[in-house]
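Asks: I'm passing along start29.csv; it holds CSV, C-alpha atoms and all ligand atoms.
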```
chain,number,residue,atom,x,y,z
A,1,SER,CA,5.3,3.4,-2.7
A,2,GLY,CA,4.5,1.9,0.7
A,3,THR,CA,2.0,4.6,1.2
A,4,GLU,CA,0.2,3.8,-2.1
A,5,ALA,CA,0.2,0.1,-1.3
A,6,ASN,CA,-1.4,0.7,2.2
A,7,ASN,CA,-4.0,3.0,0.7
A,8,LEU,CA,-4.8,0.6,-2.1
A,9,ALA,CA,-5.2,-2.3,0.4
A,10,ILE,CA,-7.5,-0.4,2.7
A,11,MET,CA,-9.5,1.9,0.4
A,12,GLY,CA,-9.6,-0.7,-2.4
A,13,LEU,CA,-10.9,-3.4,-0.1
A,14,ALA,CA,-13.5,-1.0,1.4
A,15,LYS,CA,-14.7,0.0,-2.1
A,16,ALA,CA,-15.1,-3.6,-3.1
A,17,SER,CA,-16.9,-4.5,0.1
A,18,ARG,CA,-20.6,-5.4,-0.3
A,19,GLY,CA,-21.5,-5.7,3.3
A,20,ARG,CA,-18.9,-5.8,6.1
A,21,ARG,CA,-18.3,-2.4,7.6
A,22,LYS,CA,-15.7,-2.8,10.5
A,23,ILE,CA,-12.0,-2.0,10.1
A,24,ILE,CA,-9.6,-3.0,12.8
A,25,VAL,CA,-6.1,-1.6,13.1
A,26,SER,CA,-3.6,-1.3,15.9
A,27,GLN,CA,-3.0,1.9,17.9
A,28,ILE,CA,0.6,2.1,16.5
A,29,GLU,CA,0.1,1.9,12.8
A,30,HIS,CA,2.0,4.0,10.3
A,31,LEU,CA,0.1,7.1,9.2
A,32,SER,CA,-0.4,5.6,5.7
A,33,VAL,CA,-2.6,2.9,7.4
A,34,LYS,CA,-4.0,5.1,10.2
A,35,PHE,CA,-5.2,8.0,8.0
A,36,PRO,CA,-7.0,6.0,5.2
A,37,ALA,CA,-8.7,3.9,7.9
A,38,GLU,CA,-9.8,7.0,9.7
A,39,ARG,CA,-11.1,8.5,6.4
A,40,LEU,CA,-13.3,5.5,5.9
A,41,GLN,CA,-15.4,6.5,8.9
A,42,GLU,CA,-16.8,9.3,6.7
A,43,HIS,CA,-18.2,6.6,4.4
A,44,GLY,CA,-20.0,4.6,7.0
A,45,PHE,CA,-17.2,2.3,8.2
A,46,LYS,CA,-16.6,1.7,11.9
A,47,LEU,CA,-12.9,1.9,13.0
A,48,VAL,CA,-11.6,0.1,16.0
A,49,GLU,CA,-8.0,0.6,17.3
A,50,ILE,CA,-6.5,-2.3,19.2
A,51,PRO,CA,-4.3,-1.3,22.2
A,52,VAL,CA,-0.7,-2.5,22.7
A,53,ASP,CA,1.3,-3.3,25.8
A,54,GLU,CA,4.3,-1.3,27.0
A,55,GLU,CA,6.6,-3.0,24.5
A,56,GLY,CA,4.1,-2.5,21.6
A,57,PHE,CA,2.7,-6.0,21.3
A,58,ILE,CA,-1.0,-6.3,20.3
A,59,ASP,CA,-3.5,-7.3,22.9
A,60,LEU,CA,-4.7,-10.5,21.3
A,61,ASP,CA,-7.6,-10.9,23.7
A,62,HIS,CA,-8.9,-7.5,22.9
A,63,LEU,CA,-8.5,-8.3,19.2
A,64,ALA,CA,-10.5,-11.5,19.6
A,65,ASP,CA,-13.3,-9.6,21.3
A,66,GLN,CA,-13.5,-7.1,18.4
A,67,VAL,CA,-13.5,-9.5,15.4
A,68,ASP,CA,-17.0,-10.4,14.3
A,69,ASP,CA,-19.1,-11.1,11.2
A,70,ASN,CA,-19.1,-7.4,10.4
A,71,THR,CA,-15.3,-7.2,10.2
A,72,LEU,CA,-14.0,-6.4,6.8
A,73,MET,CA,-10.3,-6.2,7.5
A,74,VAL,CA,-7.7,-6.3,10.2
A,75,SER,CA,-4.5,-4.3,9.4
A,76,ILE,CA,-1.5,-4.8,11.7
A,77,ALA,CA,2.1,-4.0,10.8
A,78,ALA,CA,4.5,-6.9,10.9
A,79,VAL,CA,7.2,-4.6,12.3
A,80,ASN,CA,6.5,-1.2,13.8
A,81,HIS,CA,8.4,1.6,12.0
A,82,GLU,CA,9.2,3.5,15.2
A,83,ILE,CA,9.9,1.0,18.0
A,84,GLY,CA,10.7,-2.1,15.9
A,85,VAL,CA,8.3,-4.4,17.7
A,86,ILE,CA,7.8,-7.6,15.7
A,87,GLN,CA,4.2,-8.9,15.9
A,88,ASP,CA,3.3,-12.5,15.8
A,89,LEU,CA,1.4,-12.5,12.5
A,90,ARG,CA,0.5,-16.1,12.7
A,91,ALA,CA,-1.1,-15.8,16.1
A,92,ILE,CA,-3.0,-12.7,14.9
A,93,ALA,CA,-4.3,-14.4,11.8
A,94,GLU,CA,-5.4,-17.4,13.9
A,95,VAL,CA,-7.4,-15.2,16.3
A,96,VAL,CA,-9.0,-13.4,13.4
A,97,LYS,CA,-9.9,-16.3,11.2
A,98,ASP,CA,-11.2,-18.3,14.2
A,99,LYS,CA,-13.7,-15.5,14.9
A,100,SER,CA,-14.4,-14.7,11.2
A,101,PRO,CA,-12.9,-16.7,8.4
A,102,GLU,CA,-14.0,-14.2,5.8
A,103,ALA,CA,-12.2,-11.2,7.4
A,104,ILE,CA,-9.2,-10.1,5.4
A,105,ILE,CA,-5.8,-9.7,7.1
A,106,HIS,CA,-3.5,-7.0,5.8
A,107,THR,CA,0.0,-6.3,7.1
A,108,ASP,CA,2.1,-3.3,6.5
A,109,ALA,CA,5.4,-5.1,6.0
A,110,CYS,CA,7.4,-2.1,4.8
A,111,ASP,CA,9.7,-2.2,7.8
A,112,ALA,CA,9.8,-6.0,7.9
A,113,LEU,CA,11.3,-6.4,4.4
A,114,GLY,CA,14.9,-7.6,4.4
A,115,ARG,CA,14.8,-7.6,8.2
A,116,ILE,CA,12.8,-10.6,9.4
A,117,PRO,CA,11.7,-13.9,7.6
A,118,LEU,CA,8.2,-13.4,6.2
A,119,ASP,CA,6.1,-16.4,5.1
A,120,LEU,CA,2.8,-14.7,4.3
A,121,GLU,CA,1.1,-17.9,3.1
A,122,HIS,CA,2.1,-19.8,6.2
A,123,ALA,CA,1.1,-16.9,8.5
A,124,GLY,CA,-2.3,-16.8,6.9
A,125,ILE,CA,-1.9,-13.2,5.6
A,126,ASP,CA,-4.1,-12.0,2.7
A,127,MET,CA,-2.4,-8.7,1.8
A,128,ALA,CA,1.0,-7.2,2.5
A,129,SER,CA,2.5,-3.8,1.7
A,130,PHE,CA,6.2,-3.2,0.8
A,131,SER,CA,8.3,-0.1,0.2
A,132,GLY,CA,11.4,0.0,-2.0
A,133,HIS,CA,13.5,2.5,-0.1
A,134,LYS,CA,13.6,0.4,3.0
A,135,ILE,CA,16.0,-1.9,1.2
A,136,PHE,CA,17.8,1.0,-0.6
A,137,ALA,CA,15.8,0.7,-3.9
A,138,PRO,CA,14.8,4.1,-5.4
A,139,LYS,CA,12.3,6.0,-3.3
A,140,GLY,CA,8.7,6.0,-4.5
A,141,VAL,CA,8.4,2.4,-5.6
A,142,GLY,CA,6.5,-0.2,-3.5
A,143,ALA,CA,4.4,-3.3,-3.9
A,144,LEU,CA,1.2,-4.8,-2.6
A,145,TYR,CA,0.9,-8.6,-2.2
A,146,VAL,CA,-2.7,-9.7,-2.7
A,147,ARG,CA,-3.6,-13.3,-2.2
A,148,GLU,CA,-5.6,-14.8,-5.0
A,149,GLY,CA,-9.3,-14.5,-4.4
A,150,VAL,CA,-9.1,-11.2,-2.5
A,151,LYS,CA,-11.3,-8.6,-4.3
A,152,LEU,CA,-10.0,-5.0,-4.5
A,153,GLU,CA,-11.2,-2.1,-6.5
A,154,PRO,CA,-8.8,0.5,-8.0
A,155,ILE,CA,-8.6,3.8,-6.0
A,156,LEU,CA,-7.1,5.8,-8.9
A,157,HIS,CA,-8.8,6.0,-12.2
A,158,GLY,CA,-7.3,6.0,-15.7
A,159,GLN,CA,-6.0,3.4,-18.0
A,160,LEU,CA,-5.4,0.4,-15.8
A,161,SER,CA,-2.1,-1.6,-15.8
A,162,SER,CA,-2.0,-5.3,-16.6
A,163,GLN,CA,-2.9,-6.0,-12.9
A,164,ARG,CA,-6.1,-4.1,-13.3
A,165,LEU,CA,-5.6,-2.3,-10.1
A,166,TRP,CA,-3.3,0.7,-10.7
A,167,PRO,CA,-3.6,3.1,-13.6
A,168,GLY,CA,-0.9,4.8,-15.7
A,169,ALA,CA,2.4,3.6,-17.1
A,170,GLU,CA,4.6,1.8,-14.6
A,171,ASN,CA,7.8,3.3,-13.4
A,172,ILE,CA,10.0,0.6,-14.9
A,173,PRO,CA,13.4,2.0,-13.8
A,174,ALA,CA,12.2,2.1,-10.2
A,175,ILE,CA,10.6,-1.3,-10.4
A,176,ALA,CA,13.8,-2.7,-11.9
A,177,GLY,CA,15.8,-1.1,-9.0
A,178,PHE,CA,13.4,-2.6,-6.4
A,179,THR,CA,13.8,-6.1,-8.1
A,180,ARG,CA,17.6,-5.8,-7.9
A,181,ALA,CA,17.5,-4.7,-4.3
A,182,LEU,CA,15.3,-7.6,-3.5
A,183,GLU,CA,17.7,-10.0,-5.1
A,184,ILE,CA,20.6,-8.5,-3.1
A,185,PHE,CA,18.8,-8.6,0.2
A,186,GLY,CA,17.4,-12.0,-0.5
A,187,LYS,CA,20.9,-13.5,-1.3
A,188,ASN,CA,22.5,-11.9,1.8
A,189,PHE,CA,19.6,-12.1,4.1
A,190,ASP,CA,21.2,-14.1,7.0
A,191,GLU,CA,24.5,-12.2,6.8
A,192,TYR,CA,22.8,-8.8,6.7
A,193,ARG,CA,20.4,-9.7,9.5
A,194,SER,CA,23.1,-10.9,11.9
A,195,ARG,CA,25.3,-7.9,11.1
A,196,MET,CA,22.4,-5.5,11.8
A,197,ARG,CA,21.5,-7.3,15.0
A,198,ARG,CA,25.1,-7.1,16.2
A,199,LEU,CA,25.4,-3.4,15.4
A,200,ARG,CA,22.0,-2.7,16.9
A,201,ASP,CA,22.9,-4.3,20.3
A,202,MET,CA,26.4,-2.7,20.3
A,203,LEU,CA,24.6,0.7,19.9
A,204,ILE,CA,22.0,0.0,22.6
A,205,ASP,CA,24.4,-1.5,25.1
A,206,GLY,CA,27.0,1.2,24.4
A,207,ILE,CA,24.5,4.0,25.0
A,208,PHE,CA,23.2,2.5,28.3
A,209,GLU,CA,26.9,2.2,29.4
A,210,ARG,CA,27.8,5.7,28.6
A,211,VAL,CA,24.7,7.8,29.2
A,212,ASP,CA,22.4,8.0,32.3
A,213,ASP,CA,18.6,8.5,32.3
A,214,VAL,CA,18.0,6.7,29.0
A,215,VAL,CA,15.0,4.6,28.1
A,216,LEU,CA,14.7,2.0,25.3
A,217,ASN,CA,11.4,2.2,23.5
A,218,GLY,CA,10.2,-1.2,22.2
A,219,PRO,CA,11.3,-4.7,23.1
A,220,ARG,CA,14.9,-6.2,23.1
A,221,GLY,CA,16.4,-9.2,21.4
A,222,ASP,CA,14.7,-11.4,18.8
A,223,ARG,CA,11.3,-9.6,19.2
A,224,ARG,CA,12.8,-6.4,17.9
A,225,ALA,CA,13.7,-5.6,14.3
A,226,PRO,CA,17.4,-6.0,13.8
A,227,ASP,CA,17.9,-2.5,12.5
A,228,ASN,CA,15.9,-0.5,15.0
A,229,VAL,CA,17.2,1.6,17.9
A,230,ASN,CA,14.7,4.0,19.5
A,231,MET,CA,15.8,5.6,22.8
A,232,SER,CA,14.5,8.5,24.9
A,233,PHE,CA,17.1,10.7,26.5
A,234,LEU,CA,15.5,12.3,29.5
A,235,TYR,CA,16.0,16.1,30.0
A,236,CYS,CA,16.8,16.4,26.3
A,237,GLU,CA,14.6,17.5,23.4
A,238,GLY,CA,14.7,14.9,20.6
A,239,GLU,CA,14.6,17.7,18.0
A,240,ALA,CA,17.6,19.4,19.6
A,241,LEU,CA,19.5,16.2,19.8
A,242,THR,CA,19.1,15.4,16.1
A,243,VAL,CA,20.6,18.8,15.3
A,244,GLU,CA,23.4,18.5,17.8
A,245,LEU,CA,24.2,15.0,16.4
A,246,SER,CA,24.0,16.1,12.8
A,247,LEU,CA,26.7,18.8,13.5
A,248,ARG,CA,28.8,15.9,14.6
A,249,GLY,CA,28.1,13.9,11.4
A,250,VAL,CA,25.6,11.5,13.0
A,251,TYR,CA,22.2,11.5,11.3
A,252,VAL,CA,19.2,10.3,13.3
A,253,SER,CA,15.5,11.3,13.4
A,254,SER,CA,13.5,12.5,16.3
A,255,GLY,CA,10.3,10.6,17.3
A,256,SER,CA,9.1,9.0,14.2
A,257,ALA,CA,10.9,9.8,10.9
A,258,CYS,CA,7.5,10.1,9.3
A,259,THR,CA,5.8,12.3,11.9
A,260,SER,CA,8.7,14.4,12.9
A,261,ARG,CA,7.5,17.4,10.8
A,262,THR,CA,5.0,18.0,13.6
A,263,LEU,CA,6.2,18.7,17.1
A,264,GLU,CA,3.4,16.5,18.6
A,265,PRO,CA,4.8,13.4,20.4
A,266,SER,CA,4.3,10.4,18.3
A,267,HIS,CA,1.1,8.4,18.7
A,268,VAL,CA,3.2,5.2,18.9
A,269,LEU,CA,5.1,6.3,21.9
A,270,LEU,CA,2.0,7.6,23.6
A,271,ALA,CA,0.3,4.2,22.9
A,272,ILE,CA,3.1,2.4,24.7
A,273,ARG,CA,2.3,4.8,27.6
A,274,ARG,CA,5.5,6.8,27.5
A,275,PRO,CA,4.9,10.0,29.4
A,276,TYR,CA,4.9,13.2,27.3
A,277,GLU,CA,8.4,14.3,28.3
A,278,VAL,CA,9.9,10.8,27.5
A,279,ALA,CA,8.1,10.7,24.1
A,280,HIS,CA,9.6,14.1,23.4
A,281,GLY,CA,13.1,13.1,24.1
A,282,SER,CA,13.1,10.1,21.7
A,283,ILE,CA,15.3,9.6,18.8
A,284,LEU,CA,15.2,6.9,16.1
A,285,MET,CA,18.4,5.4,14.8
A,286,LYS,CA,18.6,2.7,12.1
A,287,VAL,CA,21.6,0.5,11.5
A,288,SER,CA,22.0,-1.0,8.0
A,289,PRO,CA,24.1,-3.7,6.4
A,290,MET,CA,26.3,-0.9,5.0
A,291,HIS,CA,27.4,0.1,8.5
A,292,ASP,CA,30.2,-1.5,10.5
A,293,GLU,CA,31.6,-1.5,14.0
A,294,LYS,CA,33.6,1.7,13.4
A,295,ASP,CA,30.4,3.6,12.6
A,296,ILE,CA,28.9,2.5,15.8
A,297,GLU,CA,32.0,3.4,17.8
A,298,TYR,CA,31.9,6.9,16.3
A,299,VAL,CA,28.3,7.3,17.4
A,300,LEU,CA,29.1,6.0,20.9
A,301,GLU,CA,31.9,8.6,21.1
A,302,GLN,CA,29.7,11.5,20.0
A,303,MET,CA,26.5,10.6,21.9
A,304,PRO,CA,27.6,11.2,25.5
A,305,GLU,CA,29.0,14.6,24.6
A,306,ALA,CA,26.0,15.7,22.6
A,307,VAL,CA,23.6,14.7,25.4
A,308,LYS,CA,25.8,16.3,28.1
A,309,ARG,CA,25.8,19.6,26.1
A,310,LEU,CA,22.1,19.7,25.7
A,311,ARG,CA,21.4,18.7,29.3
A,312,ALA,CA,23.7,21.5,30.5
A,313,ILE,CA,21.3,24.0,28.9
A,314,SER,CA,18.1,22.2,29.6
A,315,PRO,CA,15.7,24.1,31.9
A,316,LYS,CA,14.5,20.8,33.4
A,317,VAL,CA,17.8,19.6,34.9
A,318,VAL,CA,18.0,20.0,38.6
A,319,MET,CA,21.6,20.7,39.6
B,401,LIG,C1,5.9,0.9,8.3
B,401,LIG,C2,5.8,1.8,7.1
B,401,LIG,N1,4.8,1.8,6.3
B,401,LIG,C3,4.7,2.6,5.2
B,401,LIG,C4,5.7,3.5,4.9
B,401,LIG,C5,5.5,4.4,3.7
B,401,LIG,O1,6.3,4.0,2.7
B,401,LIG,P1,6.7,5.0,1.5
B,401,LIG,O2,7.7,5.9,2.1
B,401,LIG,O3,7.3,4.1,0.5
B,401,LIG,O4,5.5,5.6,1.1
B,401,LIG,C6,6.8,3.6,5.8
B,401,LIG,C7,7.9,4.6,5.6
B,401,LIG,O5,8.6,4.8,4.7
B,401,LIG,C8,6.9,2.7,6.9
B,401,LIG,O6,7.9,2.8,7.7
```
Now that the file is in, can you turn its structure into structure tokens?
Ligand SMILES: Cc1ncc(COP(=O)(O)O)c(C=O)c1O

Replies:
Amino acid sequence: SGTEANNLAIMGLAKASRGRRKIIVSQIEHLSVKFPAERLQEHGFKLVEIPVDEEGFIDLDHLADQVDDNTLMVSIAAVNHEIGVIQDLRAIAEVVKDKSPEAIIHTDACDALGRIPLDLEHAGIDMASFSGHKIFAPKGVGALYVREGVKLEPILHGQLSSQRLWPGAENIPAIAGFTRALEIFGKNFDEYRSRMRRLRDMLIDGIFERVDDVVLNGPRGDRRAPDNVNMSFLYCEGEALTVELSLRGVYVSSGSACTSRTLEPSHVLLAIRRPYEVAHGSILMKVSPMHDEKDIEYVLEQMPEAVKRLRAISPKVVM
């Protein structure tokens, strides 16, 4: 899975490290990067989190200040899973390699796959994680790209696979499904991407036209993943809105799909300096190549009514 790939990249590199002790991540990483990086602090590693601006872009000057000869790795997601911000990986790699050519650059590319062009070699990336279900492959399968020459140690122990990094028999049906999904997304990349972009903008613009007091989280246009719509509806609870919408046949998630089991506002929205109430009113919607204009029209019909109903019973609305 993507989670396993991220853990192998971070823990596996740390285990293989013979000297360097600093790990740098951004403040908005997925928990499957954030948590292993935090764990390494218990084993003598120093963790540095790089801040982002209000759209979610990495502060490159801050990054440059932090990279030094003690830096083992820098891990920054190509596309953020909550707010869809697309980082400039090439610029990040240049900053890092300029300060320390030996530092390893990892990117969590789970939410980039099939959505943006990725040329890892050209961008100067050493490791990249992928997750199958992001392109409709079976859940639970993923991949880790490791540039030749990068030394990792296994983090699970048993009979190692042919790659000498992951033990146990491979899940061939899931891998075959992932391979097929990659072929389909690869072949239709341009068409899927422009369709997702069109539907994404139709959804964002339509909501702004029909509902007041809404905030878009993350950037607009080409700097945003083509499938990502994350909006905060003021005076609405994100959780309540997901339920209200699901009763109307519209399935979205509140905050981050991955952290929504807790009621804490997401660390990503707090990092882009959204106030607590705004972070709480956020919902994440994803468009896919399987959607069409009719689906978006349906959401645009339902959304104003759903929000109106919740605001009518919200204690925070001043009449
Ligand atoms: C950016 C990102 N990284 C990692 C993961 C974890 O991948 P998986 O669900 O395959 O473990 C996800 C979510 O699915 C994600 O969005």

Asks: In the coordinates of the file, take the point (18.4, 18.8, 29.3) and a cut-off of 10 Å; then, counting all atoms listed in the file, name each qualifying protein, DNA or RNA residue as a list in words.

Replies: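 Residues with an atom at most 10 Å from (18.4, 18.8, 29.3): Phe233, Leu234, Tyr235, Cys236, Glu237, Ala240, Leu241, Gly281, Val307, Lys308, Arg309, Leu310, Arg311, Ala312, Ile313, Ser314, Pro315, Lys316, Val317 and Val318 of chain A.
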
Asks: Here is a test: counting all atoms listed in the file, which residue of A:Leu89, A:Ala64, A:Val214, A:Ala128 is nearest to ligand LIG 401 (chain B)?

Replies: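 Between A:Leu89, A:Ala64, A:Val214, A:Ala128, the residue approaching ligand LIG 401 (chain B) most closely is A:Ala128.
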
Asks: Which protein, DNA or RNA residues have an atom within 9 Å of ligand LIG 401 (chain B), counting all atoms listed in the file, as a PDB file with C-alpha atoms, keeping the file's coordinate frame?

Replies:
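Result went into selection-v9.pdb, see below:
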```
ATOM      1  CA  SER A   1       5.300   3.400  -2.700  1.00  0.00           C
ATOM      2  CA  GLY A   2       4.500   1.900   0.700  1.00  0.00           C
ATOM      3  CA  THR A   3       2.000   4.600   1.200  1.00  0.00           C
ATOM      4  CA  GLU A   4       0.200   3.800  -2.100  1.00  0.00           C
ATOM      5  CA  ALA A   5       0.200   0.100  -1.300  1.00  0.00           C
ATOM      6  CA  ASN A   6      -1.400   0.700   2.200  1.00  0.00           C
ATOM      7  CA  GLU A  29       0.100   1.900  12.800  1.00  0.00           C
ATOM      8  CA  HIS A  30       2.000   4.000  10.300  1.00  0.00           C
ATOM      9  CA  LEU A  31       0.100   7.100   9.200  1.00  0.00           C
ATOM     10  CA  SER A  32      -0.400   5.600   5.700  1.00  0.00           C
ATOM     11  CA  VAL A  33      -2.600   2.900   7.400  1.00  0.00           C
ATOM     12  CA  ALA A  77       2.100  -4.000  10.800  1.00  0.00           C
ATOM     13  CA  ALA A  78       4.500  -6.900  10.900  1.00  0.00           C
ATOM     14  CA  VAL A  79       7.200  -4.600  12.300  1.00  0.00           C
ATOM     15  CA  ASN A  80       6.500  -1.200  13.800  1.00  0.00           C
ATOM     16  CA  HIS A  81       8.400   1.600  12.000  1.00  0.00           C
ATOM     17  CA  GLU A  82       9.200   3.500  15.200  1.00  0.00           C
ATOM     18  CA  ASP A 108       2.100  -3.300   6.500  1.00  0.00           C
ATOM     19  CA  ALA A 109       5.400  -5.100   6.000  1.00  0.00           C
ATOM     20  CA  CYS A 110       7.400  -2.100   4.800  1.00  0.00           C
ATOM     21  CA  ASP A 111       9.700  -2.200   7.800  1.00  0.00           C
ATOM     22  CA  ALA A 112       9.800  -6.000   7.900  1.00  0.00           C
ATOM     23  CA  SER A 129       2.500  -3.800   1.700  1.00  0.00           C
ATOM     24  CA  PHE A 130       6.200  -3.200   0.800  1.00  0.00           C
ATOM     25  CA  SER A 131       8.300  -0.100   0.200  1.00  0.00           C
ATOM     26  CA  GLY A 132      11.400   0.000  -2.000  1.00  0.00           C
ATOM     27  CA  HIS A 133      13.500   2.500  -0.100  1.00  0.00           C
ATOM     28  CA  LYS A 134      13.600   0.400   3.000  1.00  0.00           C
ATOM     29  CA  LYS A 139      12.300   6.000  -3.300  1.00  0.00           C
ATOM     30  CA  GLY A 140       8.700   6.000  -4.500  1.00  0.00           C
ATOM     31  CA  VAL A 141       8.400   2.400  -5.600  1.00  0.00           C
ATOM     32  CA  GLY A 142       6.500  -0.200  -3.500  1.00  0.00           C
ATOM     33  CA  ALA A 257      10.900   9.800  10.900  1.00  0.00           C
ATOM     34  CA  CYS A 258       7.500  10.100   9.300  1.00  0.00           C
TER      35      CYS A 258
END
```

Asks: Do you have the CA of Val67 in chain A-CA of Val96 in chain A distance handy?

Replies: 6.3 Å

Asks: Tell me which of A:Gly19, A:Gly12, A:Gly158, A:Pro226 sits closest to Ala37 in chain A, counting only C-alpha atoms.

Replies: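 When distances to Ala37 in chain A are compared using only C-alpha atoms, the smallest one comes from A:Gly12.
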
Asks: Do a neighbour search on Ile135 in chain A at 9 Å with only C-alpha atoms, toss out local chain neighbours closer than 4 positions, and write the hits as a PyMOL selection string.

Replies: chain A and resi 113-114+131+178+181-182+185

Asks: So that I have them on file, write out the residues from the current selection with C-alpha atoms, as a tab-separated table (two decimals), keeping the file's coordinate frame.

Replies:
```tsv
chain	number	residue	atom	x	y	z
A	113	LEU	CA	11.30	-6.40	4.40
A	114	GLY	CA	14.90	-7.60	4.40
A	131	SER	CA	8.30	-0.10	0.20
A	178	PHE	CA	13.40	-2.60	-6.40
A	181	ALA	CA	17.50	-4.70	-4.30
A	182	LEU	CA	15.30	-7.60	-3.50
A	185	PHE	CA	18.80	-8.60	0.20
```

Asks: Env of Arg220 in chain A: 12 Å cut, atoms = all atoms listed in the file, seq-sep filter 2 positions within chain, self excluded. Answer as a list in words.

Replies: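 Here the qualifying residues turn out to be Glu55, Gly56, Ile83, Gly84, Val85, Ile86, Arg197, Arg200, Asp201, Ile204, Asp205, Val215, Leu216, Asn217, Gly218, Asp222, Arg223, Arg224, Ala225, Pro226, Asp227, Asn228, Val229, Asn230 and Met231 of chain A.
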
Asks: Please report the interatomic distance between CA of Lys97 in chain A and CA of Gly149 in chain A in Å with one decimal.

Replies: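 For CA of Lys97 in chain A relative to CA of Gly149 in chain A, the distance reads 15.7 Å.
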
Asks: Using only C-alpha atoms for the distances, tell me which of A:Ala169, A:Phe57, A:Val25, A:Ser232 is nearest to Arg274 in chain A.

Replies: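 Smallest distance to Arg274 in chain A is found for A:Ser232.
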
Asks: Using Å and a single decimal, report how far CA of Ser288 in chain A sits from CA of Ile172 in chain A.

Replies: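 Computing the Euclidean distance for CA of Ile172 in chain A and CA of Ser288 in chain A yields 25.9 Å.
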